[in-house]
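Comments concern the structure below.
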Amino acid sequence: MKSRGTEGRALDPGHLRVAVVGATGLVGQTIVEILADRAFPLDVLELVASPESVGTPIPFGAQTLRTRSLDTFDFASVDLAFFALDTELSERHVPEATEAGCLVIDNSRAFRLDPAVPLVVPEVNPETLRQGLARGLFANPNCSTIALAVVLKCLDDLAGLKRVEIATYQSVSGAGRAGLEGLSREAGRRLNGLDIEPDAVFYGVPMAFNVIPQIDTFEGSGWTREEMKLVCELKKILERPALEVNPTAVRVPVFYGHAAAVHARFREPLTPAHARAALAAAEGVRVIDERTPGGYPTPVTHAALRDEIFVGRIRQDLDVPEGLNLWVVSDNVRKGAALNAVQIAERLVKILI
Ligand SMILES: NC(=O)c1ccc[n+]([C@@H]2O[C@H](COP(=O)([O-])OP(=O)(O)OC[C@H]3O[C@@H](n4cnc5c(N)ncnc54)[C@H](OP(=O)(O)O)[C@@H]3O)[C@@H](O)[C@H]2O)c1
């Protein structure tokens with residue numbers, strides 16, 4: 001039975017019923033794995049996907065669970081739902097879930113910029129969680145935003161962040177299973193000397209052995225939507241509406257792990273040594289900055305399948321003591337989506353049980 005506490009909600013310890021919606025996708029499946037690995041205190045786990053996937057077996061610890069159809073799923077039967085669907089489906093089904101009294105952590109961009117919905121990175125703004133309790137809705141930020149918010153918040157606390165230039169190098173898993181399959185297919189055909197069919201998931205541009213300066217659709221101003229997610233989400237999470245954010249988002253032929261070259265400008269001088277020490281002590285961050293060949297993080301050598309956000313190549317701007325350059329790498333499906341969502345849920349459980 002659900003009970004209501006003084007904040008309007010409470011979770012019943014020992015009877016926590018959880019759903020993962022989009023459980024057959026990259027993010028959903030990783031949420032299921034992480035719930036098992038971190039022994040999330042749930043009693044019942046429901047896996048939900050499209051009607052076409054009904055009955056798909058998905059391992060959960062030692063058990064194998066089977067997916068149910070979103071079309072017939074009753075959200076009143078669960079206390080907490082992780083949504084890992086595209087934006088349109090979230091817009092349609094999240095309200096159904098919250099109106100049924102279910103807490104929702106949504107991975108799409110549907111509600112991220114809604115002022116009434118907290119956009120949460122637990123290491124950065126956990127205090128915003130309580131603001132989401134009345135509606136029962138919490139948004140998980142974009143995959144690149146999460147890692148950058150953790151790193152930039154740490155540096156902002158040291159020297160007052162004024163402006164940040166970012167070039168991302170984003171893996172194809174950021175486009176879901178279709179992205180992984182698209183790159184595998186293209187690379188295989190290219191290596192076998194065969195022509196490739198341009199893939200709609202990469203806007204009809206060859207992805208294998210290429211670099212594409214477009215992620216998501218173009219907005220009227222010439223910016224891509226992925227770039228504007230970074231701008232708007234960083235300002236919201238860091239609570240810095242006047243922060244200058246100047247990104248270029250690029251898709252690269254890497255399977256897992258997003259990287260970013262970051263050029264940050266501060267109000268006060270900040271030395272690499274000071275930044276390195278603060279980042280090394282920051283929750284969820286690991287500094288790898290050896291200044292030797294391979295002494296820096298890369299998606300393949302460090303990020304894929306790891307929980308930490310890796311930082312390297314920390315160096316002073318050549319011209320100003322208030323400028324610092326760095327390189328940030330993390331697993332976009334784990335910390336960039338599934339792990340962050342589970343960490344939000346862990347904090348909610350602490351608040352509500
Ligand atoms: N991938 C990342 O790195 C990443 C990072 C941050 C945020 N996100 C966001 O997380 C969300 C999920 O991304 P993903 O990468 O996991 O995508 P994905 O691998 O393409 O998975 C999509 C999921 O949606 C389900 N789905 C599709 N149509 C459906 C329908 N009509 N009814 C019910 N379920 C349906 C699919 O189920 P079927 O298998 O049954 O079709 C699948 O479980 C997206 O909003 C994405 O932008 C992704």
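Identifiers in this document derive from the order of the structure tokens: chains are assigned A, B, ..., residues are numbered from 1 separately in each chain, and ligands are numbered from 1 in order of occurrence.
Residues with any atom within 7 Å of region 30-33 of chain A, counting only C-alpha atoms and excluding same-chain neighbours fewer than 4 positions away, are Leu26, Asp37, Phe60, Ala338, Leu339 and Val342 of chain A.
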Which residues form the shell of 8 Å around ligand 1 when you count only C-alpha atoms and all ligand atoms, given as number ranges by chain? A: 21-29, 48-54, 69-71, 83-87, 89-90, 106-109, 140-144, 173-178, 331-334, 336-338
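Counting from CA of Phe82 (chain A), the distance to CA of Ile105 (chain A) is 5.0 Å.
Shortest separation to Val211 (chain A) among A:Ala39, A:Leu348, A:Ile353, A:Val172 occurs at residue A:Val172, atoms counted being only C-alpha atoms.
Straight-line separation from CA of Leu47 (chain A) to CA of Lys335 (chain A): 21.0 Å.
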List every residue of region 100-170 of chain A that DSSP, applied to the backbone, labels as strand (DSSP E), and write the result as a ChimeraX atom specification. /A:103-106,137-139,161-170
Saved selection, atoms kept: C-alpha atoms, as an mmCIF file, in the first residue's frame:
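Heads up, here's the output in selection_25.cif:
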data_model
loop_
_atom_site.group_PDB
_atom_site.id
_atom_site.type_symbol
_atom_site.label_atom_id
_atom_site.label_comp_id
_atom_site.auth_asym_id
_atom_site.auth_seq_id
_atom_site.Cartn_x
_atom_site.Cartn_y
_atom_site.Cartn_z
ATOM 1 C CA LEU A 103 7.185 8.781 -8.852
ATOM 2 C CA VAL A 104 8.895 9.128 -12.245
ATOM 3 C CA ILE A 105 12.549 9.637 -13.193
ATOM 4 C CA ASP A 106 12.537 10.494 -16.884
ATOM 5 C CA LEU A 137 8.548 13.972 -11.503
ATOM 6 C CA PHE A 138 12.359 14.248 -11.791
ATOM 7 C CA ALA A 139 14.314 14.769 -15.005
ATOM 8 C CA LEU A 161 32.996 30.027 -13.668
ATOM 9 C CA LYS A 162 32.273 32.791 -16.192
ATOM 10 C CA ARG A 163 32.310 31.171 -19.612
ATOM 11 C CA VAL A 164 32.873 27.697 -21.005
ATOM 12 C CA GLU A 165 33.679 26.600 -24.545
ATOM 13 C CA ILE A 166 32.945 22.916 -25.137
ATOM 14 C CA ALA A 167 33.558 20.585 -28.080
ATOM 15 C CA THR A 168 31.991 17.171 -27.481
ATOM 16 C CA TYR A 169 33.075 13.888 -29.059
ATOM 17 C CA GLN A 170 29.984 11.719 -28.564
#
Would you kindly return, as a ChimeraX atom specification, each protein, DNA or RNA residue with an atom no farther than 12 Å from any atom of His15 (chain A), considering only C-alpha atoms and excluding same-chain residues fewer than 2 positions away? /A:1-3,10-13,17-18,41-45,77-80,349,353
Just the selected residues (C-alpha atoms), exported as a PDB file, in the first residue's frame, please.
ATOM      1  CA  MET A   1       0.000   0.000   0.000  1.00  0.00           C
ATOM      2  CA  LYS A   2       1.230   3.507  -0.782  1.00  0.00           C
ATOM      3  CA  SER A   3       1.124   5.851   2.181  1.00  0.00           C
ATOM      4  CA  ALA A  10       6.150   8.274   1.471  1.00  0.00           C
ATOM      5  CA  LEU A  11       7.503   4.947   0.269  1.00  0.00           C
ATOM      6  CA  ASP A  12       6.654   1.771   2.088  1.00  0.00           C
ATOM      7  CA  PRO A  13       9.935   0.109   3.152  1.00  0.00           C
ATOM      8  CA  ARG A  17       7.493  -1.622  -6.458  1.00  0.00           C
ATOM      9  CA  VAL A  18       9.565  -0.334  -9.368  1.00  0.00           C
ATOM     10  CA  PRO A  41      15.922  -1.915  -2.166  1.00  0.00           C
ATOM     11  CA  LEU A  42      13.011  -2.991  -4.349  1.00  0.00           C
ATOM     12  CA  ASP A  43      10.449  -5.682  -3.754  1.00  0.00           C
ATOM     13  CA  VAL A  44       8.896  -5.959  -7.213  1.00  0.00           C
ATOM     14  CA  LEU A  45      10.461  -5.039 -10.565  1.00  0.00           C
ATOM     15  CA  SER A  77       0.675  -0.872  -9.539  1.00  0.00           C
ATOM     16  CA  VAL A  78       4.151   0.646  -8.937  1.00  0.00           C
ATOM     17  CA  ASP A  79       5.641   3.296  -6.643  1.00  0.00           C
ATOM     18  CA  LEU A  80       8.529   4.431  -8.843  1.00  0.00           C
ATOM     19  CA  VAL A 349      14.329   6.470  -1.197  1.00  0.00           C
ATOM     20  CA  ILE A 353      11.423   5.953   3.607  1.00  0.00           C
TER      21      ILE A 353
END
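The gap separating CA of Thr224 (chain A) from CA of Pro206 (chain A) is 18.5 Å, in Å to one decimal.
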Got a sec: who's within 6 Å of region 275-287 of chain A, counting only C-alpha atoms, leaving out chain neighbours fewer than 2 positions off, as JSON, numbers by chain? {"A": [272, 273, 308, 309, 310, 311, 312]}
Who sits within 12 Å of Glu197 (chain A), only C-alpha atoms, same chain under 4 positions skipped, as a ChimeraX atom specification: /A:182-183,185-187,189-190,201-208
Neighbours of Gly295 (chain A) within 10 Å (only C-alpha atoms; same-chain residues fewer than 5 positions away dropped), as a VMD selection string? chain A and resid 288 to 290 312 to 313
Hey, what's within 8 Å of His302 (chain A) if we count only C-alpha atoms and toss same-chain stuff fewer than 5 positions away? As a PDB file with C-alpha atoms, in the first residue's frame, please?
ATOM      1  CA  PRO A 297      41.420   9.053 -20.141  1.00  0.00           C
ATOM      2  CA  PHE A 310      37.406  10.883 -15.846  1.00  0.00           C
ATOM      3  CA  VAL A 329      35.329  11.436 -20.483  1.00  0.00           C
ATOM      4  CA  SER A 330      32.479   9.277 -19.148  1.00  0.00           C
TER       5      SER A 330
END
What are the DSSP alpha helix (DSSP H) residues of region 79-308 of chain A, as a ChimeraX atom specification? /A:87-99,143-159,176-191,225-237,272-281
